[in-house]
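J.: My file is my_file_28.csv. It has CSV, C-alpha atoms:
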```csv
chain,number,residue,atom,x,y,z
F,1,MET,CA,0.0,0.0,0.0
F,2,GLN,CA,1.0,3.6,-0.5
F,3,SER,CA,0.2,6.5,1.9
F,4,SER,CA,1.0,10.2,2.0
F,5,LEU,CA,0.4,12.2,5.2
F,6,THR,CA,0.8,16.0,5.7
F,7,HIS,CA,1.2,18.4,8.6
F,8,VAL,CA,3.3,16.0,10.6
F,9,ARG,CA,7.0,16.0,11.5
F,10,LEU,CA,9.7,13.9,13.1
F,11,ALA,CA,10.7,16.0,16.1
F,12,GLY,CA,13.4,13.8,17.7
F,13,ILE,CA,15.2,10.5,18.0
F,14,ALA,CA,17.3,8.7,20.6
F,15,VAL,CA,18.9,5.3,20.7
F,16,THR,CA,20.2,3.2,23.6
F,17,VAL,CA,22.4,0.2,23.0
F,18,GLY,CA,23.3,-2.9,25.0
F,19,SER,CA,26.4,-2.5,27.2
F,20,VAL,CA,28.2,-5.7,26.5
F,21,VAL,CA,30.6,-5.8,23.6
F,22,ARG,CA,31.0,-9.1,21.7
F,23,ASP,CA,34.0,-9.4,19.3
F,24,PHE,CA,33.2,-11.5,16.2
F,25,GLN,CA,36.6,-13.1,15.8
F,26,ALA,CA,37.2,-13.7,19.5
F,27,GLU,CA,33.7,-15.4,19.9
F,28,GLY,CA,34.3,-17.5,16.8
F,29,LEU,CA,37.7,-18.7,17.9
F,30,ALA,CA,36.4,-19.5,21.4
F,31,ALA,CA,33.7,-21.6,19.7
F,32,GLY,CA,36.4,-23.5,17.8
F,33,GLN,CA,35.7,-22.0,14.4
F,34,ASP,CA,38.4,-21.9,11.7
F,35,PRO,CA,40.3,-18.6,11.8
F,36,ALA,CA,40.6,-18.3,8.1
F,37,GLN,CA,36.8,-18.8,7.7
F,38,LEU,CA,36.2,-16.1,10.3
F,39,ALA,CA,38.5,-13.7,8.5
F,40,ARG,CA,36.7,-14.4,5.3
F,41,LEU,CA,33.2,-13.8,6.9
F,42,ALA,CA,34.5,-10.6,8.6
F,43,LYS,CA,35.8,-9.2,5.3
F,44,ALA,CA,32.9,-10.2,3.0
F,45,VAL,CA,29.9,-9.5,5.3
F,46,GLY,CA,31.4,-6.8,7.5
F,47,LEU,CA,31.3,-8.5,10.9
F,48,ARG,CA,33.5,-7.0,13.5
F,49,GLU,CA,31.7,-6.5,16.8
F,50,ARG,CA,28.2,-6.0,18.3
F,51,ARG,CA,26.7,-4.7,21.5
F,52,VAL,CA,24.2,-6.9,23.4
F,53,ALA,CA,22.1,-6.2,26.5
F,54,ALA,CA,23.6,-7.1,29.9
F,55,PRO,CA,21.9,-9.9,31.8
F,56,GLY,CA,18.4,-8.9,32.9
F,57,VAL,CA,18.2,-5.9,30.6
F,58,THR,CA,15.3,-6.1,28.1
F,59,ALA,CA,14.2,-4.1,25.0
F,60,LEU,CA,11.8,-2.3,27.3
F,61,ASP,CA,14.7,-1.1,29.5
F,62,LEU,CA,16.7,0.0,26.5
F,63,CYS,CA,13.7,1.9,25.0
F,64,ALA,CA,12.7,3.4,28.4
F,65,ASP,CA,16.2,4.8,28.7
F,66,ALA,CA,16.1,6.2,25.1
F,67,ALA,CA,12.6,7.6,25.6
F,68,ALA,CA,13.4,9.3,28.9
F,69,ARG,CA,16.5,10.9,27.4
F,70,LEU,CA,14.6,12.1,24.3
F,71,LEU,CA,11.8,13.6,26.3
F,72,ASP,CA,14.4,15.4,28.5
F,73,GLU,CA,16.4,16.7,25.5
F,74,ALA,CA,13.3,17.8,23.7
F,75,ALA,CA,11.9,19.4,26.9
F,76,VAL,CA,8.6,17.5,26.5
F,77,ASP,CA,6.5,16.5,29.4
F,78,ALA,CA,5.3,12.9,29.2
F,79,THR,CA,1.8,13.9,30.2
F,80,SER,CA,1.6,15.8,26.9
F,81,LEU,CA,1.9,12.6,24.8
F,82,ASP,CA,-1.4,11.4,23.2
F,83,ALA,CA,-0.1,8.0,22.5
F,84,ILE,CA,2.8,5.6,22.9
F,85,ILE,CA,3.5,2.8,20.3
F,86,PHE,CA,6.0,0.1,21.1
F,87,VAL,CA,7.5,-1.9,18.2
F,88,THR,CA,9.1,-5.1,19.3
F,89,GLN,CA,9.2,-8.9,18.9
F,90,THR,CA,10.9,-9.4,22.2
F,91,PRO,CA,8.4,-8.0,24.8
F,92,ASP,CA,8.8,-8.4,28.5
F,93,HIS,CA,5.7,-10.6,28.7
F,94,PRO,CA,3.1,-12.2,26.4
F,95,GLN,CA,0.7,-10.0,28.3
F,96,PRO,CA,0.5,-7.1,29.1
F,97,ASN,CA,2.1,-5.3,26.2
F,98,ASN,CA,5.3,-3.3,26.4
F,99,ALA,CA,3.5,0.0,25.6
F,100,SER,CA,1.4,-0.2,28.8
F,101,LEU,CA,4.4,-1.0,30.9
F,102,LEU,CA,6.3,2.0,29.4
F,103,HIS,CA,3.3,4.2,29.8
F,104,ALA,CA,3.6,3.6,33.5
F,105,LYS,CA,7.4,4.0,33.6
F,106,LEU,CA,7.3,7.3,31.8
F,107,GLY,CA,4.2,8.7,33.6
F,108,LEU,CA,1.9,9.3,30.6
F,109,SER,CA,-1.7,10.5,31.1
F,110,LYS,CA,-4.5,8.1,31.4
F,111,ALA,CA,-6.0,9.6,28.3
F,112,ALA,CA,-3.0,8.3,26.2
F,113,ALA,CA,-3.4,5.3,23.9
F,114,ALA,CA,-0.8,2.6,24.3
F,115,TYR,CA,-0.3,-0.4,22.0
F,116,ASP,CA,2.4,-2.6,20.6
F,117,LEU,CA,3.2,-3.5,17.0
F,118,SER,CA,4.7,-7.0,16.5
F,119,LEU,CA,7.2,-6.2,13.8
F,120,GLY,CA,10.9,-6.6,13.4
F,121,CYS,CA,13.3,-4.9,11.0
F,122,SER,CA,10.5,-3.1,9.0
F,123,GLY,CA,8.9,-1.9,12.3
F,124,TRP,CA,10.4,1.5,12.7
F,125,VAL,CA,8.8,2.7,9.4
F,126,TYR,CA,5.4,1.2,10.5
F,127,GLY,CA,5.7,3.0,13.8
F,128,LEU,CA,6.4,6.3,12.1
F,129,HIS,CA,3.4,5.7,9.9
F,130,GLN,CA,1.1,4.8,12.8
F,131,ALA,CA,2.2,8.0,14.7
F,132,ALA,CA,1.8,10.2,11.6
F,133,MET,CA,-1.7,8.8,11.1
F,134,LEU,CA,-2.6,9.5,14.7
F,135,CYS,CA,-1.4,13.0,14.3
F,136,GLY,CA,-3.6,13.3,11.3
F,137,ALA,CA,-6.5,12.0,13.4
F,138,GLY,CA,-6.4,14.4,16.3
F,139,ALA,CA,-3.2,13.6,18.3
F,140,ALA,CA,-0.7,16.4,18.8
F,141,ARG,CA,2.3,14.3,19.9
F,142,VAL,CA,3.1,10.6,19.8
F,143,LEU,CA,6.1,8.7,21.1
F,144,VAL,CA,7.2,5.6,19.2
F,145,CYS,CA,9.7,3.1,20.7
F,146,ALA,CA,11.2,0.4,18.7
F,147,GLY,CA,13.7,-2.2,19.8
F,148,ASP,CA,14.6,-5.8,20.4
F,149,THR,CA,17.0,-8.1,22.2
F,150,LEU,CA,17.4,-10.6,19.5
F,151,SER,CA,20.7,-11.8,21.0
F,152,ARG,CA,18.5,-13.6,23.5
F,153,VAL,CA,16.7,-15.7,20.9
F,154,ILE,CA,19.9,-16.8,19.0
F,155,ASP,CA,21.3,-20.3,19.0
F,156,PRO,CA,25.0,-19.6,20.0
F,157,ALA,CA,26.0,-22.7,17.9
F,158,ASP,CA,24.3,-21.4,14.7
F,159,PRO,CA,27.0,-19.6,12.7
F,160,ALA,CA,24.4,-18.2,10.3
F,161,THR,CA,22.7,-16.0,13.0
F,162,ALA,CA,24.9,-16.0,16.2
F,163,PRO,CA,27.4,-13.3,15.1
F,164,LEU,CA,24.8,-11.0,13.5
F,165,PHE,CA,22.5,-9.5,16.1
F,166,GLY,CA,23.0,-6.7,18.6
F,167,ASP,CA,20.4,-5.3,21.1
F,168,ALA,CA,19.1,-1.8,21.1
F,169,GLY,CA,16.1,0.4,21.9
F,170,SER,CA,15.0,3.6,20.2
F,171,ALA,CA,12.5,6.4,20.7
F,172,MET,CA,11.1,8.9,18.4
F,173,LEU,CA,8.8,11.9,18.8
F,174,VAL,CA,6.3,12.6,16.1
F,175,GLU,CA,4.3,15.8,16.2
F,176,LYS,CA,1.5,17.6,14.4
F,177,THR,CA,2.8,20.7,12.7
F,178,GLY,CA,1.3,23.8,11.0
F,179,GLU,CA,3.8,23.3,8.2
F,180,ALA,CA,2.6,21.7,5.0
F,181,THR,CA,5.3,19.1,5.1
F,182,SER,CA,4.6,15.6,3.8
F,183,MET,CA,5.6,12.1,4.6
F,184,HIS,CA,5.3,9.4,1.9
F,185,PHE,CA,5.1,5.7,2.6
F,186,VAL,CA,5.2,2.4,0.7
F,187,PHE,CA,4.5,-0.8,2.5
F,188,GLY,CA,4.5,-4.4,1.5
F,189,THR,CA,4.4,-8.0,2.7
F,190,ASP,CA,5.2,-11.4,1.2
F,191,GLY,CA,3.9,-13.8,3.8
F,192,THR,CA,5.1,-16.8,1.7
F,193,GLY,CA,8.6,-16.0,3.0
F,194,ALA,CA,7.6,-16.0,6.6
F,195,SER,CA,9.4,-19.2,7.4
F,196,ALA,CA,12.7,-17.7,6.2
F,197,ILE,CA,13.1,-15.8,9.5
F,198,ILE,CA,11.3,-17.6,12.3
F,199,VAL,CA,11.4,-18.6,16.0
F,200,PRO,CA,9.5,-21.9,15.6
F,201,THR,CA,8.3,-22.4,19.2
F,202,GLY,CA,7.2,-20.4,22.2
F,203,GLY,CA,4.0,-19.1,20.8
F,204,SER,CA,0.5,-20.6,20.9
F,205,ARG,CA,1.1,-22.9,17.9
F,206,GLN,CA,4.0,-24.7,19.6
F,207,PRO,CA,4.2,-23.5,23.2
F,208,GLU,CA,6.9,-25.9,24.4
F,209,GLY,CA,10.3,-25.4,23.0
F,210,ALA,CA,13.9,-25.8,24.0
F,211,GLY,CA,17.3,-25.6,22.4
F,212,PRO,CA,17.6,-24.7,18.7
F,213,SER,CA,13.8,-24.9,18.1
F,214,ALA,CA,13.3,-22.1,20.5
F,215,CYS,CA,15.8,-19.9,18.7
F,216,LEU,CA,15.7,-17.7,15.6
F,217,ARG,CA,16.3,-19.5,12.4
F,218,MET,CA,17.2,-17.6,9.2
F,219,ASP,CA,17.7,-18.6,5.6
F,220,GLY,CA,20.3,-16.0,4.8
F,221,ALA,CA,20.2,-16.5,1.0
F,222,ALA,CA,16.4,-16.2,0.9
F,223,VAL,CA,16.5,-13.0,3.0
F,224,TYR,CA,19.2,-11.5,0.7
F,225,GLU,CA,17.1,-12.4,-2.4
F,226,PHE,CA,14.0,-10.9,-0.7
F,227,ALA,CA,15.9,-7.6,0.1
F,228,LEU,CA,17.2,-7.3,-3.5
F,229,ARG,CA,13.8,-8.0,-4.9
F,230,GLU,CA,11.6,-5.9,-2.8
F,231,VAL,CA,13.5,-2.9,-1.4
F,232,PRO,CA,14.6,-1.2,-4.6
F,233,PRO,CA,11.0,-0.9,-5.9
F,234,ALA,CA,9.8,0.3,-2.5
F,235,VAL,CA,12.5,3.0,-2.4
F,236,ALA,CA,11.6,4.0,-6.0
F,237,GLY,CA,8.0,4.1,-5.0
F,238,VAL,CA,8.5,6.6,-2.2
F,239,LEU,CA,10.9,8.7,-4.3
F,240,LYS,CA,8.1,8.9,-6.9
F,241,LEU,CA,5.5,9.9,-4.3
F,242,ALA,CA,7.8,12.6,-3.0
F,243,GLY,CA,8.9,13.7,-6.5
F,244,TRP,CA,12.6,13.3,-5.6
F,245,THR,CA,15.5,11.6,-7.3
F,246,PRO,CA,18.5,9.9,-5.6
F,247,GLU,CA,20.5,12.9,-6.5
F,248,ALA,CA,18.0,15.2,-4.8
F,249,THR,CA,17.9,13.1,-1.6
F,250,ASP,CA,20.4,13.7,1.2
F,251,HIS,CA,20.4,10.3,2.8
F,252,LEU,CA,19.1,6.8,2.2
F,253,VAL,CA,18.9,5.0,5.5
F,254,LEU,CA,18.4,1.3,5.1
F,255,HIS,CA,17.8,-1.3,7.8
F,256,GLN,CA,21.3,-2.2,8.9
F,257,ALA,CA,21.2,-6.0,8.4
F,258,ASN,CA,24.9,-6.2,7.7
F,259,ARG,CA,27.3,-4.2,5.5
F,260,PHE,CA,27.1,-6.7,2.6
F,261,VAL,CA,23.3,-6.5,2.4
F,262,VAL,CA,23.2,-2.7,2.9
F,263,SER,CA,25.8,-2.1,0.2
F,264,SER,CA,24.2,-4.4,-2.2
F,265,VAL,CA,20.7,-3.0,-1.8
F,266,ALA,CA,21.9,0.6,-2.0
F,267,ARG,CA,23.7,-0.1,-5.3
F,268,LYS,CA,20.5,-1.6,-6.7
F,269,CYS,CA,18.5,1.4,-5.5
F,270,GLY,CA,20.8,3.7,-7.5
F,271,PHE,CA,22.3,5.6,-4.5
F,272,PRO,CA,26.0,6.3,-4.1
F,273,GLU,CA,27.5,4.8,-1.0
F,274,ASP,CA,28.3,8.3,0.5
F,275,LYS,CA,24.6,8.9,0.9
F,276,VAL,CA,24.0,5.5,2.6
F,277,PRO,CA,25.1,4.9,6.2
F,278,MET,CA,26.5,1.3,6.4
F,279,ASN,CA,29.5,1.2,8.8
F,280,LEU,CA,27.4,1.3,12.0
F,281,VAL,CA,26.5,-2.3,11.8
F,282,GLU,CA,30.1,-3.4,12.1
F,283,GLN,CA,30.2,-1.8,15.5
F,284,PHE,CA,26.7,-2.6,16.8
F,285,GLY,CA,25.4,-5.6,14.9
F,286,ASN,CA,21.9,-5.9,13.4
F,287,GLN,CA,19.7,-3.9,15.7
F,288,SER,CA,16.3,-5.0,14.3
F,289,SER,CA,13.7,-2.2,14.4
F,290,ALA,CA,16.2,0.2,16.1
F,291,SER,CA,18.7,0.1,13.3
F,292,ILE,CA,17.3,2.9,11.2
F,293,PRO,CA,17.2,5.5,14.0
F,294,ALA,CA,20.6,4.2,15.1
F,295,ALA,CA,22.0,4.8,11.6
F,296,MET,CA,20.4,8.2,11.5
F,297,ALA,CA,21.9,9.2,14.9
F,298,HIS,CA,25.3,7.8,13.9
F,299,ALA,CA,25.7,9.2,10.4
F,300,CYS,CA,23.3,12.1,10.0
F,301,ALA,CA,23.1,13.7,13.4
F,302,ASP,CA,24.8,16.9,12.5
F,303,ALA,CA,22.7,17.4,9.4
F,304,LEU,CA,19.5,16.6,11.2
F,305,GLN,CA,20.2,18.8,14.2
F,306,GLY,CA,21.3,21.8,12.2
F,307,SER,CA,19.2,22.0,9.1
F,308,ARG,CA,16.5,20.3,7.0
F,309,SER,CA,17.4,17.1,5.2
F,310,ARG,CA,15.6,14.9,2.7
F,311,LEU,CA,15.5,11.3,4.0
F,312,VAL,CA,14.5,8.1,2.4
F,313,VAL,CA,14.4,5.2,4.9
F,314,CYS,CA,13.5,1.5,4.3
F,315,GLY,CA,13.1,-1.4,6.8
F,316,PHE,CA,12.8,-5.0,5.7
F,317,GLY,CA,12.9,-8.4,7.3
F,318,VAL,CA,10.8,-10.9,9.3
F,319,GLY,CA,7.5,-11.5,7.7
F,320,PHE,CA,8.6,-10.9,4.9
F,321,SER,CA,7.7,-7.3,5.6
F,322,TRP,CA,9.0,-4.1,4.3
F,323,GLY,CA,8.3,-0.4,4.7
F,324,ALA,CA,9.8,2.7,3.0
F,325,ALA,CA,9.3,6.4,3.8
F,326,ALA,CA,10.4,9.7,2.2
F,327,PHE,CA,10.2,12.8,4.3
F,328,GLU,CA,12.0,16.0,5.2
F,329,ALA,CA,13.4,16.2,8.7
F,330,GLY,CA,15.3,18.7,10.9
F,331,PRO,CA,16.2,20.8,12.6
F,332,MET,CA,15.3,18.1,15.2
F,333,VAL,CA,16.6,16.6,18.5
F,334,VAL,CA,19.1,13.8,18.0
F,335,ALA,CA,20.1,12.6,21.4
F,336,PRO,CA,23.6,11.0,21.7
F,337,THR,CA,23.6,7.2,21.4
F,338,LEU,CA,24.5,5.7,24.9
F,339,THR,CA,24.7,2.3,26.5
F,340,PHE,CA,22.5,1.0,29.2
F,341,PRO,CA,23.3,0.6,32.0
F,342,ARG,CA,26.0,3.2,31.9
X,1,MET,CA,31.6,-9.3,-22.2
X,2,SER,CA,33.5,-12.2,-23.6
X,3,PRO,CA,33.4,-15.6,-22.0
X,4,GLU,CA,37.0,-15.0,-20.7
X,5,GLN,CA,35.9,-11.7,-19.2
X,6,GLN,CA,32.9,-13.3,-17.6
X,7,LEU,CA,35.1,-15.8,-15.9
X,8,ALA,CA,37.6,-13.2,-14.8
X,9,ALA,CA,34.8,-11.1,-13.3
X,10,LEU,CA,33.3,-14.1,-11.5
X,11,ARG,CA,36.8,-15.0,-10.1
X,12,ALA,CA,37.3,-11.4,-8.9
X,13,ASP,CA,34.0,-11.2,-7.1
X,14,VAL,CA,33.7,-14.6,-5.5
X,15,ASP,CA,36.6,-15.4,-3.2
X,16,VAL,CA,36.4,-19.2,-3.4
X,17,LEU,CA,36.5,-19.0,-7.2
X,18,ALA,CA,39.7,-17.0,-7.4
X,19,ALA,CA,41.6,-19.8,-9.1
X,20,ALA,CA,38.6,-21.5,-10.7
X,21,THR,CA,38.4,-22.7,-14.3
X,22,PRO,CA,35.1,-23.5,-16.2
X,23,GLU,CA,35.7,-27.2,-15.3
X,24,THR,CA,36.0,-26.6,-11.5
X,25,VAL,CA,33.5,-28.6,-9.6
X,26,LEU,CA,31.8,-26.3,-7.1
X,27,GLY,CA,31.2,-29.0,-4.5
X,28,SER,CA,34.9,-29.8,-4.5
X,29,LEU,CA,35.9,-26.4,-3.2
X,30,PRO,CA,36.4,-26.3,0.6
X,31,ASN,CA,34.6,-23.1,1.1
X,32,TRP,CA,31.7,-23.6,-1.3
X,33,ASP,CA,29.1,-22.5,1.3
X,34,SER,CA,26.2,-20.2,1.8
X,35,LEU,CA,28.4,-17.1,1.8
X,36,ALA,CA,29.9,-18.2,-1.6
X,37,ILE,CA,26.3,-18.6,-2.9
X,38,LEU,CA,25.4,-15.1,-1.7
X,39,LEU,CA,28.5,-13.7,-3.4
X,40,VAL,CA,27.5,-15.4,-6.7
X,41,VAL,CA,24.0,-14.0,-6.5
X,42,SER,CA,25.4,-10.5,-5.8
X,43,HIS,CA,27.9,-10.9,-8.7
X,44,PHE,CA,25.1,-11.6,-11.1
X,45,GLU,CA,23.0,-8.8,-9.7
X,46,HIS,CA,25.6,-6.1,-9.9
X,47,ARG,CA,27.9,-7.2,-12.8
X,48,HIS,CA,25.2,-8.4,-15.1
X,49,GLN,CA,22.0,-6.9,-13.8
X,50,GLN,CA,20.5,-10.3,-13.7
X,51,THR,CA,18.5,-11.7,-10.8
X,52,ILE,CA,19.2,-15.3,-9.9
X,53,THR,CA,18.3,-17.3,-6.8
X,54,GLY,CA,20.4,-19.3,-4.4
X,55,THR,CA,18.4,-22.4,-5.6
X,56,GLN,CA,19.7,-21.8,-9.1
X,57,VAL,CA,23.3,-21.5,-7.9
X,58,ARG,CA,23.0,-24.7,-5.7
X,59,ALA,CA,21.8,-26.6,-8.8
X,60,CYS,CA,25.0,-25.8,-10.7
X,61,ARG,CA,27.7,-28.5,-10.6
X,62,THR,CA,30.6,-26.6,-12.3
X,63,VAL,CA,31.7,-23.0,-12.9
X,64,ALA,CA,30.7,-23.5,-16.5
X,65,ASP,CA,27.2,-24.2,-15.2
X,66,LEU,CA,27.2,-20.9,-13.3
X,67,LEU,CA,28.3,-19.0,-16.4
X,68,ALA,CA,25.6,-20.7,-18.4
X,69,LEU,CA,23.1,-18.9,-16.3
X,70,LEU,CA,24.0,-15.7,-18.2
X,71,PRO,CA,21.8,-14.9,-21.2
X,72,HIS,CA,24.8,-15.2,-23.6
X,73,LYS,CA,26.4,-18.5,-22.9
X,74,PRO,CA,30.2,-18.7,-23.0
```
Could you show the structure in this file as structure tokens?
T.:
Amino acid sequence: MQSSLTHVRLAGIAVTVGSVVRDFQAEGLAAGQDPAQLARLAKAVGLRERRVAAPGVTALDLCADAAARLLDEAAVDATSLDAIIFVTQTPDHPQPNNASLLHAKLGLSKAAAAYDLSLGCSGWVYGLHQAAMLCGAGAARVLVCAGDTLSRVIDPADPATAPLFGDAGSAMLVEKTGEATSMHFVFGTDGTGASAIIVPTGGSRQPEGAGPSACLRMDGAAVYEFALREVPPAVAGVLKLAGWTPEATDHLVLHQANRFVVSSVARKCGFPEDKVPMNLVEQFGNQSSASIPAAMAHACADALQGSRSRLVVCGFGVGFSWGAAAFEAGPMVVAPTLTFPR
Amino acid sequence: MSPEQQLAALRADVDVLAAATPETVLGSLPNWDSLAILLVVSHFEHRHQQTITGTQVRACRTVADLLALLPHKP
């Protein structure tokens, strides 16, 4: 589906990452993997290190830290928020949802709506769209948190997934504005690919699970083919809605799956690499739905804080689900990326 | 692109094929793995603007079979 919304703006972002650093080569050597093969993977895929959550820290904790810092930097009182949306696939509990828990932590008004979106790497764009729609339907200000602790659902013995994922939580403020600025969106889903990224057990279909069956399984080749097939048309779609070209766009911020995927997809989208952040993932790992704001904060902070930039973003992953957006942003709050606990 | 150029490009882009000939049997290479298959898919996408799947690559026995996936066979 396509969607264009007006009189709404992205007012700020903040990202909090896990405090534990995991080194790709050191982990692999400790697991008895071949040094030459590790070096080959590091070079080809761009695997160096990642940051995961400390024991006991959840996506809710990481997002709560990011949200509190964002509200503080933006000088926004939590009671002024009309809604809070939490994008995650690693909530604290099956029930209640993370949004309600964060509602209490931050001290939102009882008049505020609070709900979760169960989405992974495409989720930040869906969250932005939900918030923008709410602002078009009467809300003045919406907080969206997006984050996961995927390192907790990884089989440490699975070399296809174990070295990829980091843990992070993000927060963004979306506000109604008098300016006639627009946000353009393209969304899509190919549910036939759902088994390519899956945690088979732990839900209602198969409640009991242990060992590898309770961990995330991923068909890397299928995911790569999916990204090359679906992301470039989605990016082209939002560019067309916005009336922009790659040359007239300041940044293309893709979900930071890994450097190999980001570089490959960016080339097919027709964007030069200097407009596409892609080095962050070598430091933090694949941060699921927090990777787009993390890349914005890492690579575009000065531009977004100081002036107006044209952004195209695209998230893609589990589902298979994807979402792209084109919008102008800035000047806006970009809080420094910090670890939790500090 | 001539057949020789096609082979040279493939050897440059896919590390485990650096010394390959058309007769090289893919399954005999020690690192013919999921990463190598991704690199082949990426090579076809970016060098030849041709979308192929991992399934197609896995079905190939030799380097010549890979090159035969191109529209103009060597």
J.: Contacts of segment 36-53 of chain X at 7 Å or less, counting only C-alpha atoms, minus same-chain residues fewer than 5 places along, as a list in words?
T.: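 Result of the neighbour search: Ala221 and Glu225 of chain F; Leu10, Asp13, Val14 and Val16 of chain X.
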J.: Find the distance between atom CA of Val223 of chain F and atom CA of Met278 of chain F and write it in Å to one decimal.
T.: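 Atom CA of Met278 of chain F lies at a distance of 17.8 Å from atom CA of Val223 of chain F.
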J.: With all atoms listed in the file counted and 8 Å as the cut-off, give the residues of chain F in contact with chain X, each with its shortest interatomic distance in Å and the pair that gives it, as a Markdown table.
T.:
```
| residue | atom | partner | partner_atom | distance |
| --- | --- | --- | --- | --- |
| F:Leu41 | CA | X:Leu35 | CA | 7.7 |
| F:Gly220 | CA | X:Ser34 | CA | 7.8 |
| F:Ala221 | CA | X:Leu38 | CA | 6.0 |
| F:Ala222 | CA | X:Gly54 | CA | 7.3 |
| F:Tyr224 | CA | X:Leu38 | CA | 7.6 |
| F:Glu225 | CA | X:Thr53 | CA | 6.7 |
| F:Ser264 | CA | X:Ser42 | CA | 7.2 |
| F:Arg267 | CA | X:His46 | CA | 7.8 |
| F:Lys268 | CA | X:His46 | CA | 7.5 |
```
J.: Just the number, please: distance in Å from atom CA of Leu29 of chain X to atom CA of Leu228 of chain F, one decimal.
T.: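 For atom CA of Leu29 of chain X relative to atom CA of Leu228 of chain F, the distance reads 26.7 Å.
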J.: One decimal, Å: what's the distance from atom CA of Ala54 of chain F over to atom CA of Gln25 of chain F, could you say?
T.: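 For atom CA of Ala54 of chain F relative to atom CA of Gln25 of chain F, the distance reads 20.1 Å.
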J.: Excluding segment 254-256 of chain F and its own-chain neighbours fewer than 3 positions away, which residues fall within 7 Å of it when counting all atoms listed in the file? Please give them as a PyMOL selection string.
T.: chain F and resi 121+262+278+281+286+291-292+313-316
J.: When you count only C-alpha atoms, which of these residues is closest to Leu38 of chain F: F:Ala59, F:Leu134, F:Ala160, F:Leu108?
T.: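 So, comparing all the options, the nearest one is F:Ala160.
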J.: If we count only C-alpha atoms, what is near Thr16 of chain F at a cut-off of 6 Å, once residues fewer than 2 positions away on the same chain are taken out, given as JSON, numbers by chain?
T.: {"F": [62, 66, 168, 169, 337, 338, 339]}
J.: Keeping only C-alpha atoms, take the residues you just selected and write them out as a PDB file, in the coordinates of the input.
T.:
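Output saved as selection_1.pdb:
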```
ATOM      1  CA  LEU F  62      16.700   0.000  26.500  1.00  0.00           C
ATOM      2  CA  ALA F  66      16.100   6.200  25.100  1.00  0.00           C
ATOM      3  CA  ALA F 168      19.100  -1.800  21.100  1.00  0.00           C
ATOM      4  CA  GLY F 169      16.100   0.400  21.900  1.00  0.00           C
ATOM      5  CA  THR F 337      23.600   7.200  21.400  1.00  0.00           C
ATOM      6  CA  LEU F 338      24.500   5.700  24.900  1.00  0.00           C
ATOM      7  CA  THR F 339      24.700   2.300  26.500  1.00  0.00           C
TER       8      THR F 339
END
```
J.: Write out as a PyMOL selection string each polymer residue whose atoms come within 10 Å of Pro22 of chain X, counting all atoms listed in the file; drop sequence neighbours fewer than 3 positions from it.
T.: chain X and resi 3-4+7+25+62-67+74
J.: List the residues sitting within 12 Å of (6.5, -9.5, 26.9) in the file's frame, using only C-alpha atoms, as an MDAnalysis selection string.
T.: chainID F and resid 58:60 86:102 116 118 148:149 202:203
J.: Skip His7 of chain F itself and residues of its chain fewer than 2 positions away, then list as an MDAnalysis selection string all residues within 6 Å of it, counting all atoms listed in the file.
T.: chainID F and resid 176:181
J.: Out of F:Ala234, F:Val253, F:Ala14, F:Ala294, which residue has the shortest atom-to-atom distance to Gly188 of chain F when counting only C-alpha atoms?
T.: F:Ala234
